[in-house]
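This report concerns only the one structure given below.
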Amino acid sequence: MHRRKFLKNSSIGTAGILSAPALVSCSEAPAANPVTTSPGPVVVCTWDFGNATEKAWGVLSTGGSALDAVEAGVRVEEADPGNQTVGYGGRPDRDGRVTLDACIMDPEGNCGSVMALEGYVHPISVARKVMEETPHVILVGEGAARFAAEQGFETQDLLTDASRAEWEQWKVEAQYKPVINIENHDTIGMLALDVNGNIAGACTTSGLAYKMQGRVGDSPVIGAGLYLDNAVGGATATGMGEEVVRTVGSFLIVELMRQGRTPQEACEEGVRRIMEKNKGRRDFQIGFLAINKAGETGAYCIHPGFSYRRFDGKGHRNIPSESALKS
Ligand code: ASP
């Protein structure tokens, strides 16, 4: 259902920029104070989450940091009950529990992550607190929830009526068996380059719908769902997390850029490695998105339909990704 949504043309933003099917999206525009040698600001995110890049752009275009931009941007999707793969309203696990995963990384290479967090709408902000307020990188489950409470985050029931109804239906049809579902992969991964030339990234998801309790995918795993090196660039992923973890996908893409590949070439190689390990298997989706220090971006996916949203000095646009399996 969401994949169809991505495929539909959309135009968002003030610049009347092109719209097209996309698995990633991005925004760029002139900064309020353009006294900078950075090619930024630029913000990109997976899929066509235009409201999220718009929000991040608001931070970047007034001189804000890449870190503040990506946090503010992905919070938009976390709070949206209409997005059933991120935050509030996310589809639950097979026991009806909404468990959220998120991670964040700053230009200094600091990072924070929460896994299987229940009852908090903004796992990305809890992950940032893990990064800034603890000596750790990852907090999981009950420990993450206790930390969130200590930090003053408010609890909330995240299972909406719509997601509960779909889950009830799934239980009848799927007989409680977790399944691979290429239509359910709308994780938001966001990368930003600010006016000072610094890169930060964030990734947040409710994970695969109807997963086994305790399952964690790539999204909160530094190196898999998100990675950046401020000297080189950043990358993020969406899709079947198990496959991204197996190849440490985002780390791979940043390392390929370090070796001289463009963001596009690096994303293509990341997808190629996963396809090689899955000879003949086509029942899952993977998409990678990357940015380098020059503000160049790239994206590639296995199945068509992935696009990204970009906001930069030229405005806001939806960019279709190339795909390995053009159908
Ligand atoms: N990558 C996410 C996960 O495996 C799912 C997704 O992107 O839809 O949890």
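Labels for the structure tokens follow display order: chains A, B, ..., residues from 1 in each chain, ligands from 1.
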Neighbourhood of ligand 1 at 8 Å, counting only C-alpha atoms and all ligand atoms, reported as a PDB file with N, CA and C atoms, in the first residue's frame:
```pdb
ATOM      1  N   THR A  85       4.621   2.825   9.495  1.00  0.00           N
ATOM      2  CA  THR A  85       5.895   2.111   9.618  1.00  0.00           C
ATOM      3  C   THR A  85       6.914   2.870  10.459  1.00  0.00           C
ATOM      4  N   ASP A 101      12.427   1.348  16.848  1.00  0.00           N
ATOM      5  CA  ASP A 101      13.890   1.321  16.749  1.00  0.00           C
ATOM      6  C   ASP A 101      14.356   2.638  16.118  1.00  0.00           C
ATOM      7  N   ASN A 184       6.031  -3.270   3.076  1.00  0.00           N
ATOM      8  CA  ASN A 184       6.025  -2.618   4.386  1.00  0.00           C
ATOM      9  C   ASN A 184       7.436  -2.228   4.782  1.00  0.00           C
ATOM     10  N   HIS A 185       7.881  -1.123   4.262  1.00  0.00           N
ATOM     11  CA  HIS A 185       9.291  -0.788   4.502  1.00  0.00           C
ATOM     12  C   HIS A 185       9.527   0.708   4.468  1.00  0.00           C
ATOM     13  N   ASP A 186       8.641   1.473   5.057  1.00  0.00           N
ATOM     14  CA  ASP A 186       8.756   2.928   4.902  1.00  0.00           C
ATOM     15  C   ASP A 186       9.526   3.604   6.018  1.00  0.00           C
ATOM     16  N   THR A 187      10.561   2.956   6.467  1.00  0.00           N
ATOM     17  CA  THR A 187      11.469   3.572   7.438  1.00  0.00           C
ATOM     18  C   THR A 187      11.941   4.926   6.922  1.00  0.00           C
ATOM     19  N   ILE A 188      12.056   5.894   7.822  1.00  0.00           N
ATOM     20  CA  ILE A 188      12.686   7.146   7.390  1.00  0.00           C
ATOM     21  C   ILE A 188      14.136   7.187   7.864  1.00  0.00           C
ATOM     22  N   THR A 205      12.093   3.752  12.848  1.00  0.00           N
ATOM     23  CA  THR A 205      11.140   2.808  12.244  1.00  0.00           C
ATOM     24  C   THR A 205      10.366   2.054  13.316  1.00  0.00           C
ATOM     25  N   SER A 206       9.239   1.499  12.906  1.00  0.00           N
ATOM     26  CA  SER A 206       8.568   0.511  13.771  1.00  0.00           C
ATOM     27  C   SER A 206       8.956  -0.893  13.311  1.00  0.00           C
ATOM     28  N   GLY A 207       9.816  -0.966  12.326  1.00  0.00           N
ATOM     29  CA  GLY A 207      10.333  -2.266  11.880  1.00  0.00           C
ATOM     30  C   GLY A 207       9.330  -3.028  11.036  1.00  0.00           C
ATOM     31  N   LEU A 208       9.639  -4.260  10.776  1.00  0.00           N
ATOM     32  CA  LEU A 208       8.736  -5.064   9.958  1.00  0.00           C
ATOM     33  C   LEU A 208       7.428  -5.300  10.693  1.00  0.00           C
ATOM     34  N   VAL A 216      14.833  -7.121  15.944  1.00  0.00           N
ATOM     35  CA  VAL A 216      15.380  -5.804  15.620  1.00  0.00           C
ATOM     36  C   VAL A 216      15.999  -5.897  14.238  1.00  0.00           C
ATOM     37  N   GLY A 217      15.751  -4.902  13.414  1.00  0.00           N
ATOM     38  CA  GLY A 217      16.312  -4.906  12.063  1.00  0.00           C
ATOM     39  C   GLY A 217      17.573  -4.066  11.984  1.00  0.00           C
ATOM     40  N   ASP A 218      17.766  -3.444  10.847  1.00  0.00           N
ATOM     41  CA  ASP A 218      18.977  -2.655  10.616  1.00  0.00           C
ATOM     42  C   ASP A 218      18.876  -1.226  11.137  1.00  0.00           C
ATOM     43  N   SER A 219      17.668  -0.708  11.210  1.00  0.00           N
ATOM     44  CA  SER A 219      17.492   0.739  11.376  1.00  0.00           C
ATOM     45  C   SER A 219      18.187   1.340  12.596  1.00  0.00           C
ATOM     46  N   GLY A 225      21.772   0.359   9.332  1.00  0.00           N
ATOM     47  CA  GLY A 225      20.729   1.274   8.865  1.00  0.00           C
ATOM     48  C   GLY A 225      21.199   2.699   8.689  1.00  0.00           C
ATOM     49  N   ALA A 237      19.579   3.262   5.078  1.00  0.00           N
ATOM     50  CA  ALA A 237      18.927   2.176   4.343  1.00  0.00           C
ATOM     51  C   ALA A 237      17.464   2.059   4.715  1.00  0.00           C
ATOM     52  N   THR A 238      16.707   1.442   3.837  1.00  0.00           N
ATOM     53  CA  THR A 238      15.337   1.049   4.147  1.00  0.00           C
ATOM     54  C   THR A 238      15.079  -0.287   3.478  1.00  0.00           C
ATOM     55  N   GLY A 239      14.150  -1.038   4.034  1.00  0.00           N
ATOM     56  CA  GLY A 239      13.841  -2.346   3.464  1.00  0.00           C
ATOM     57  C   GLY A 239      14.135  -3.462   4.449  1.00  0.00           C
ATOM     58  N   MET A 240      14.365  -4.633   3.915  1.00  0.00           N
ATOM     59  CA  MET A 240      14.518  -5.828   4.743  1.00  0.00           C
ATOM     60  C   MET A 240      15.795  -5.758   5.579  1.00  0.00           C
ATOM     61  N   GLY A 241      15.621  -5.416   6.853  1.00  0.00           N
ATOM     62  CA  GLY A 241      16.745  -5.115   7.717  1.00  0.00           C
ATOM     63  C   GLY A 241      17.738  -6.250   7.873  1.00  0.00           C
ATOM     64  N   GLU A 242      17.240  -7.475   7.860  1.00  0.00           N
ATOM     65  CA  GLU A 242      18.136  -8.615   8.046  1.00  0.00           C
ATOM     66  C   GLU A 242      19.222  -8.615   6.973  1.00  0.00           C
ATOM     67  N   VAL A 244      20.349  -5.990   5.281  1.00  0.00           N
ATOM     68  CA  VAL A 244      21.250  -4.836   5.441  1.00  0.00           C
ATOM     69  C   VAL A 244      22.248  -5.102   6.562  1.00  0.00           C
ATOM     70  N   ILE A 286      15.145  -3.626  -0.752  1.00  0.00           N
ATOM     71  CA  ILE A 286      16.220  -2.876  -0.083  1.00  0.00           C
ATOM     72  C   ILE A 286      16.441  -1.580  -0.858  1.00  0.00           C
TER      73      ILE A 286
END
```
Task: Contacts of A:His122 within 7 Å, only C-alpha atoms, excl. fewer than 5 positions in-chain, as an MDAnalysis selection string - done: chainID A and resid 75 78 87
Step one, run DSSP on the backbone; step two, keep only residues of stretch 91-249 of chain A assigned to strand (DSSP E); then write them as a short mmCIF file (atom, residue, chain, number, x, y, z; two decimals) with all heavy atoms, in the first residue's frame.
```cif
data_model
loop_
_atom_site.label_atom_id
_atom_site.label_comp_id
_atom_site.auth_asym_id
_atom_site.auth_seq_id
_atom_site.Cartn_x
_atom_site.Cartn_y
_atom_site.Cartn_z
N LEU A 100 9.60 0.27 18.79
CA LEU A 100 10.26 1.21 17.89
C LEU A 100 11.78 1.13 17.99
O LEU A 100 12.33 0.91 19.08
CB LEU A 100 9.79 2.64 18.20
CG LEU A 100 8.27 2.86 18.15
CD1 LEU A 100 7.94 4.31 18.48
CD2 LEU A 100 7.69 2.47 16.80
N ASP A 101 12.43 1.35 16.85
CA ASP A 101 13.89 1.32 16.75
C ASP A 101 14.36 2.64 16.12
O ASP A 101 13.75 3.09 15.14
CB ASP A 101 14.36 0.20 15.81
CG ASP A 101 13.89 -1.18 16.22
OD1 ASP A 101 13.76 -1.43 17.43
OD2 ASP A 101 13.67 -2.01 15.31
N ALA A 102 15.44 3.20 16.63
CA ALA A 102 15.96 4.43 16.03
C ALA A 102 17.42 4.62 16.38
O ALA A 102 17.89 4.15 17.43
CB ALA A 102 15.18 5.65 16.52
N CYS A 103 18.14 5.32 15.50
CA CYS A 103 19.50 5.73 15.86
C CYS A 103 19.84 7.07 15.22
O CYS A 103 19.17 7.51 14.27
CB CYS A 103 20.53 4.67 15.49
SG CYS A 103 20.85 4.49 13.74
N ILE A 104 20.85 7.69 15.77
CA ILE A 104 21.25 9.03 15.33
C ILE A 104 22.77 9.12 15.41
O ILE A 104 23.39 8.45 16.25
CB ILE A 104 20.56 10.10 16.21
CG1 ILE A 104 20.68 11.49 15.60
CG2 ILE A 104 21.08 10.07 17.66
CD1 ILE A 104 19.64 12.48 16.17
N MET A 105 23.35 9.92 14.53
CA MET A 105 24.82 10.04 14.52
C MET A 105 25.19 11.48 14.21
O MET A 105 24.58 12.12 13.35
CB MET A 105 25.36 9.10 13.43
CG MET A 105 26.76 8.63 13.72
SD MET A 105 27.26 7.24 12.73
CE MET A 105 29.01 7.29 13.15
N CYS A 111 27.25 8.53 18.53
CA CYS A 111 26.00 7.93 18.10
C CYS A 111 25.20 7.41 19.28
O CYS A 111 25.74 7.12 20.35
CB CYS A 111 26.23 6.82 17.08
SG CYS A 111 27.60 5.74 17.44
N GLY A 112 23.89 7.30 19.07
CA GLY A 112 22.99 6.78 20.09
C GLY A 112 21.90 5.98 19.41
O GLY A 112 21.52 6.26 18.27
N SER A 113 21.38 4.99 20.15
CA SER A 113 20.40 4.09 19.55
C SER A 113 19.46 3.55 20.62
O SER A 113 19.88 3.32 21.76
CB SER A 113 21.16 2.93 18.89
OG SER A 113 20.31 1.85 18.62
N VAL A 114 18.22 3.36 20.23
CA VAL A 114 17.28 2.60 21.08
C VAL A 114 16.67 1.51 20.23
O VAL A 114 16.41 1.69 19.03
CB VAL A 114 16.17 3.49 21.69
CG1 VAL A 114 16.75 4.40 22.75
CG2 VAL A 114 15.42 4.28 20.63
N MET A 115 16.45 0.38 20.87
CA MET A 115 15.86 -0.77 20.16
C MET A 115 14.68 -1.29 20.97
O MET A 115 14.73 -1.34 22.21
CB MET A 115 16.89 -1.88 20.02
CG MET A 115 18.14 -1.46 19.27
SD MET A 115 19.32 -2.83 19.15
CE MET A 115 20.63 -2.06 18.20
N ALA A 116 13.62 -1.66 20.25
CA ALA A 116 12.43 -2.25 20.88
C ALA A 116 11.91 -1.37 22.01
O ALA A 116 11.53 -1.85 23.07
CB ALA A 116 12.75 -3.65 21.39
N LEU A 117 11.87 -0.08 21.74
CA LEU A 117 11.34 0.87 22.71
C LEU A 117 9.81 0.90 22.59
O LEU A 117 9.27 1.05 21.49
CB LEU A 117 11.91 2.27 22.45
CG LEU A 117 11.39 3.40 23.35
CD1 LEU A 117 11.82 3.19 24.81
CD2 LEU A 117 11.89 4.75 22.84
N ILE A 138 23.83 2.07 22.88
CA ILE A 138 22.53 1.42 22.63
C ILE A 138 21.83 1.12 23.96
O ILE A 138 22.44 0.57 24.88
CB ILE A 138 22.73 0.09 21.89
CG1 ILE A 138 23.48 0.29 20.58
CG2 ILE A 138 21.37 -0.59 21.63
CD1 ILE A 138 23.93 -1.02 19.93
N LEU A 139 20.55 1.45 24.03
CA LEU A 139 19.69 0.96 25.13
C LEU A 139 18.53 0.21 24.50
O LEU A 139 17.98 0.62 23.48
CB LEU A 139 19.19 2.11 25.99
CG LEU A 139 20.24 2.83 26.87
CD1 LEU A 139 19.60 3.97 27.65
CD2 LEU A 139 20.95 1.86 27.82
N VAL A 140 18.13 -0.88 25.16
CA VAL A 140 17.13 -1.78 24.58
C VAL A 140 15.94 -1.96 25.51
O VAL A 140 16.10 -2.02 26.73
CB VAL A 140 17.79 -3.16 24.35
CG1 VAL A 140 16.77 -4.17 23.87
CG2 VAL A 140 18.91 -3.04 23.35
N ILE A 188 12.06 5.89 7.82
CA ILE A 188 12.69 7.15 7.39
C ILE A 188 14.14 7.19 7.86
O ILE A 188 14.43 7.09 9.05
CB ILE A 188 11.89 8.41 7.84
CG1 ILE A 188 12.60 9.66 7.30
CG2 ILE A 188 11.67 8.45 9.35
CD1 ILE A 188 11.77 10.93 7.37
N GLY A 189 15.02 7.29 6.86
CA GLY A 189 16.43 7.57 7.12
C GLY A 189 16.69 8.95 6.54
O GLY A 189 16.29 9.23 5.41
N MET A 190 17.34 9.81 7.30
CA MET A 190 17.57 11.19 6.83
C MET A 190 19.03 11.56 7.02
O MET A 190 19.65 11.26 8.04
CB MET A 190 16.67 12.15 7.62
CG MET A 190 16.81 13.59 7.21
SD MET A 190 15.64 14.70 8.06
CE MET A 190 14.15 14.46 7.10
N LEU A 191 19.58 12.24 6.00
CA LEU A 191 20.98 12.71 6.04
C LEU A 191 20.98 14.19 5.73
O LEU A 191 20.27 14.63 4.81
CB LEU A 191 21.80 11.97 4.97
CG LEU A 191 21.79 10.45 5.05
CD1 LEU A 191 22.28 9.84 3.74
CD2 LEU A 191 22.65 9.96 6.22
N ALA A 192 21.76 14.96 6.48
CA ALA A 192 21.81 16.40 6.23
C ALA A 192 23.25 16.89 6.22
O ALA A 192 24.10 16.40 6.96
CB ALA A 192 21.00 17.15 7.29
N LEU A 193 23.47 17.89 5.36
CA LEU A 193 24.75 18.60 5.28
C LEU A 193 24.43 20.05 5.60
O LEU A 193 23.61 20.67 4.91
CB LEU A 193 25.31 18.46 3.86
CG LEU A 193 26.58 19.21 3.51
CD1 LEU A 193 27.79 18.58 4.21
CD2 LEU A 193 26.81 19.16 1.98
N ILE A 199 27.98 16.82 8.47
CA ILE A 199 26.95 15.84 8.12
C ILE A 199 26.45 15.16 9.39
O ILE A 199 27.24 14.81 10.28
CB ILE A 199 27.52 14.77 7.16
CG1 ILE A 199 27.93 15.44 5.84
CG2 ILE A 199 26.51 13.66 6.90
CD1 ILE A 199 28.66 14.49 4.89
N ALA A 200 25.12 14.95 9.46
CA ALA A 200 24.53 14.14 10.54
C ALA A 200 23.44 13.27 9.92
O ALA A 200 22.98 13.53 8.80
CB ALA A 200 23.94 15.03 11.63
N GLY A 201 23.04 12.24 10.66
CA GLY A 201 22.01 11.33 10.12
C GLY A 201 21.12 10.78 11.21
O GLY A 201 21.50 10.74 12.39
N ALA A 202 19.92 10.38 10.81
CA ALA A 202 18.97 9.78 11.74
C ALA A 202 18.17 8.71 11.00
O ALA A 202 17.95 8.83 9.79
CB ALA A 202 18.02 10.84 12.29
N CYS A 203 17.75 7.69 11.73
CA CYS A 203 16.96 6.62 11.11
C CYS A 203 15.97 6.12 12.16
O CYS A 203 16.36 5.86 13.31
CB CYS A 203 17.91 5.50 10.67
SG CYS A 203 17.12 4.23 9.69
N THR A 204 14.70 5.99 11.79
CA THR A 204 13.70 5.58 12.78
C THR A 204 12.60 4.76 12.12
O THR A 204 12.20 5.04 10.98
CB THR A 204 13.15 6.83 13.53
OG1 THR A 204 12.15 6.43 14.47
CG2 THR A 204 12.57 7.86 12.59
N THR A 205 12.09 3.75 12.85
CA THR A 205 11.14 2.81 12.24
C THR A 205 10.37 2.05 13.32
O THR A 205 10.82 1.97 14.48
CB THR A 205 11.92 1.77 11.39
OG1 THR A 205 11.00 0.99 10.63
CG2 THR A 205 12.75 0.83 12.26
N LEU A 226 22.31 3.04 9.33
CA LEU A 226 22.82 4.42 9.26
C LEU A 226 24.31 4.41 9.56
O LEU A 226 24.76 3.70 10.46
CB LEU A 226 22.12 5.30 10.30
CG LEU A 226 22.63 6.74 10.43
CD1 LEU A 226 22.19 7.59 9.24
CD2 LEU A 226 22.13 7.38 11.73
N TYR A 227 25.04 5.20 8.80
CA TYR A 227 26.45 5.41 9.14
C TYR A 227 26.92 6.69 8.46
O TYR A 227 26.45 7.04 7.37
CB TYR A 227 27.33 4.24 8.69
CG TYR A 227 28.74 4.37 9.22
CD1 TYR A 227 29.00 4.18 10.56
CD2 TYR A 227 29.80 4.72 8.37
CE1 TYR A 227 30.29 4.34 11.08
CE2 TYR A 227 31.08 4.88 8.88
CZ TYR A 227 31.31 4.68 10.24
OH TYR A 227 32.58 4.85 10.74
N LEU A 228 27.84 7.38 9.11
CA LEU A 228 28.47 8.52 8.43
C LEU A 228 29.87 8.73 8.97
O LEU A 228 30.20 8.34 10.09
CB LEU A 228 27.62 9.78 8.60
CG LEU A 228 27.44 10.35 10.00
CD1 LEU A 228 28.52 11.37 10.34
CD2 LEU A 228 26.06 11.01 10.10
N ASP A 229 30.66 9.30 8.11
CA ASP A 229 31.98 9.79 8.49
C ASP A 229 32.04 11.21 7.95
O ASP A 229 31.94 11.41 6.73
CB ASP A 229 33.08 8.91 7.87
CG ASP A 229 34.46 9.38 8.30
OD1 ASP A 229 34.67 10.61 8.46
OD2 ASP A 229 35.34 8.52 8.46
N GLY A 233 31.12 11.21 4.01
CA GLY A 233 29.71 11.28 3.66
C GLY A 233 28.91 10.38 4.58
O GLY A 233 29.42 9.88 5.58
N GLY A 234 27.65 10.17 4.21
CA GLY A 234 26.77 9.36 5.04
C GLY A 234 25.87 8.49 4.19
O GLY A 234 25.69 8.74 2.99
N ALA A 235 25.31 7.46 4.83
CA ALA A 235 24.40 6.57 4.12
C ALA A 235 23.34 6.06 5.07
O ALA A 235 23.55 5.97 6.28
CB ALA A 235 25.18 5.39 3.52
N THR A 236 22.19 5.71 4.51
CA THR A 236 21.11 5.11 5.29
C THR A 236 20.35 4.13 4.41
O THR A 236 20.51 4.14 3.19
CB THR A 236 20.19 6.20 5.88
OG1 THR A 236 19.28 5.62 6.82
CG2 THR A 236 19.41 6.93 4.81
N ALA A 237 19.58 3.26 5.08
CA ALA A 237 18.93 2.18 4.34
C ALA A 237 17.46 2.06 4.71
O ALA A 237 17.04 2.50 5.78
CB ALA A 237 19.63 0.85 4.67
N THR A 238 16.71 1.44 3.84
CA THR A 238 15.34 1.05 4.15
C THR A 238 15.08 -0.29 3.48
O THR A 238 15.72 -0.63 2.49
CB THR A 238 14.32 2.13 3.70
OG1 THR A 238 13.00 1.70 4.03
CG2 THR A 238 14.40 2.39 2.22
N GLY A 239 14.15 -1.04 4.03
CA GLY A 239 13.84 -2.35 3.46
C GLY A 239 14.13 -3.46 4.45
O GLY A 239 14.18 -3.25 5.66
#
```
TODO: Could you check how far atom CA of A:Pro41 sits from atom CA of A:Glu265, in Å to one decimal?
DONE: 22.2 Å
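Nearest residue to A:Gln169 among A:Tyr300, A:His316, A:Asn278, A:Gly96 is A:Gly96, counting only C-alpha atoms.
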- [ ] Quick one: pick out all alpha helix (DSSP H) residues within stretch 75-153 of chain A from a backbone DSSP run and write them as a ChimeraX atom specification.
- [x] /A:75-78,123-133,141-150
Residues just named, written with C-alpha atoms as a PDB file, in the first residue's frame:
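So the final result, stored in out.pdb, reads:
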```
ATOM      1  CA  ARG A  75      10.141  13.490  14.340  1.00  0.00           C
ATOM      2  CA  VAL A  76       7.522  14.616  11.830  1.00  0.00           C
ATOM      3  CA  GLU A  77       7.065  11.053  10.625  1.00  0.00           C
ATOM      4  CA  GLU A  78       7.278   9.600  14.128  1.00  0.00           C
ATOM      5  CA  PRO A 123      12.567   7.159  19.753  1.00  0.00           C
ATOM      6  CA  ILE A 124      14.944   9.386  17.775  1.00  0.00           C
ATOM      7  CA  SER A 125      15.007  11.933  20.594  1.00  0.00           C
ATOM      8  CA  VAL A 126      15.545   9.182  23.161  1.00  0.00           C
ATOM      9  CA  ALA A 127      18.415   7.900  20.981  1.00  0.00           C
ATOM     10  CA  ARG A 128      19.912  11.384  20.953  1.00  0.00           C
ATOM     11  CA  LYS A 129      19.724  11.470  24.745  1.00  0.00           C
ATOM     12  CA  VAL A 130      21.468   8.092  24.867  1.00  0.00           C
ATOM     13  CA  MET A 131      24.223   9.652  22.752  1.00  0.00           C
ATOM     14  CA  GLU A 132      24.495  12.838  24.782  1.00  0.00           C
ATOM     15  CA  GLU A 133      23.630  11.818  28.325  1.00  0.00           C
ATOM     16  CA  GLY A 141      13.560  -2.533  25.624  1.00  0.00           C
ATOM     17  CA  GLU A 142      12.719  -1.942  29.265  1.00  0.00           C
ATOM     18  CA  GLY A 143      16.041  -0.252  29.946  1.00  0.00           C
ATOM     19  CA  ALA A 144      15.464   2.168  27.086  1.00  0.00           C
ATOM     20  CA  ALA A 145      11.946   2.894  28.343  1.00  0.00           C
ATOM     21  CA  ARG A 146      13.154   3.508  31.876  1.00  0.00           C
ATOM     22  CA  PHE A 147      15.814   5.882  30.548  1.00  0.00           C
ATOM     23  CA  ALA A 148      13.209   7.716  28.452  1.00  0.00           C
ATOM     24  CA  ALA A 149      11.040   8.203  31.533  1.00  0.00           C
ATOM     25  CA  GLU A 150      14.019   9.481  33.520  1.00  0.00           C
TER      26      GLU A 150
END
```
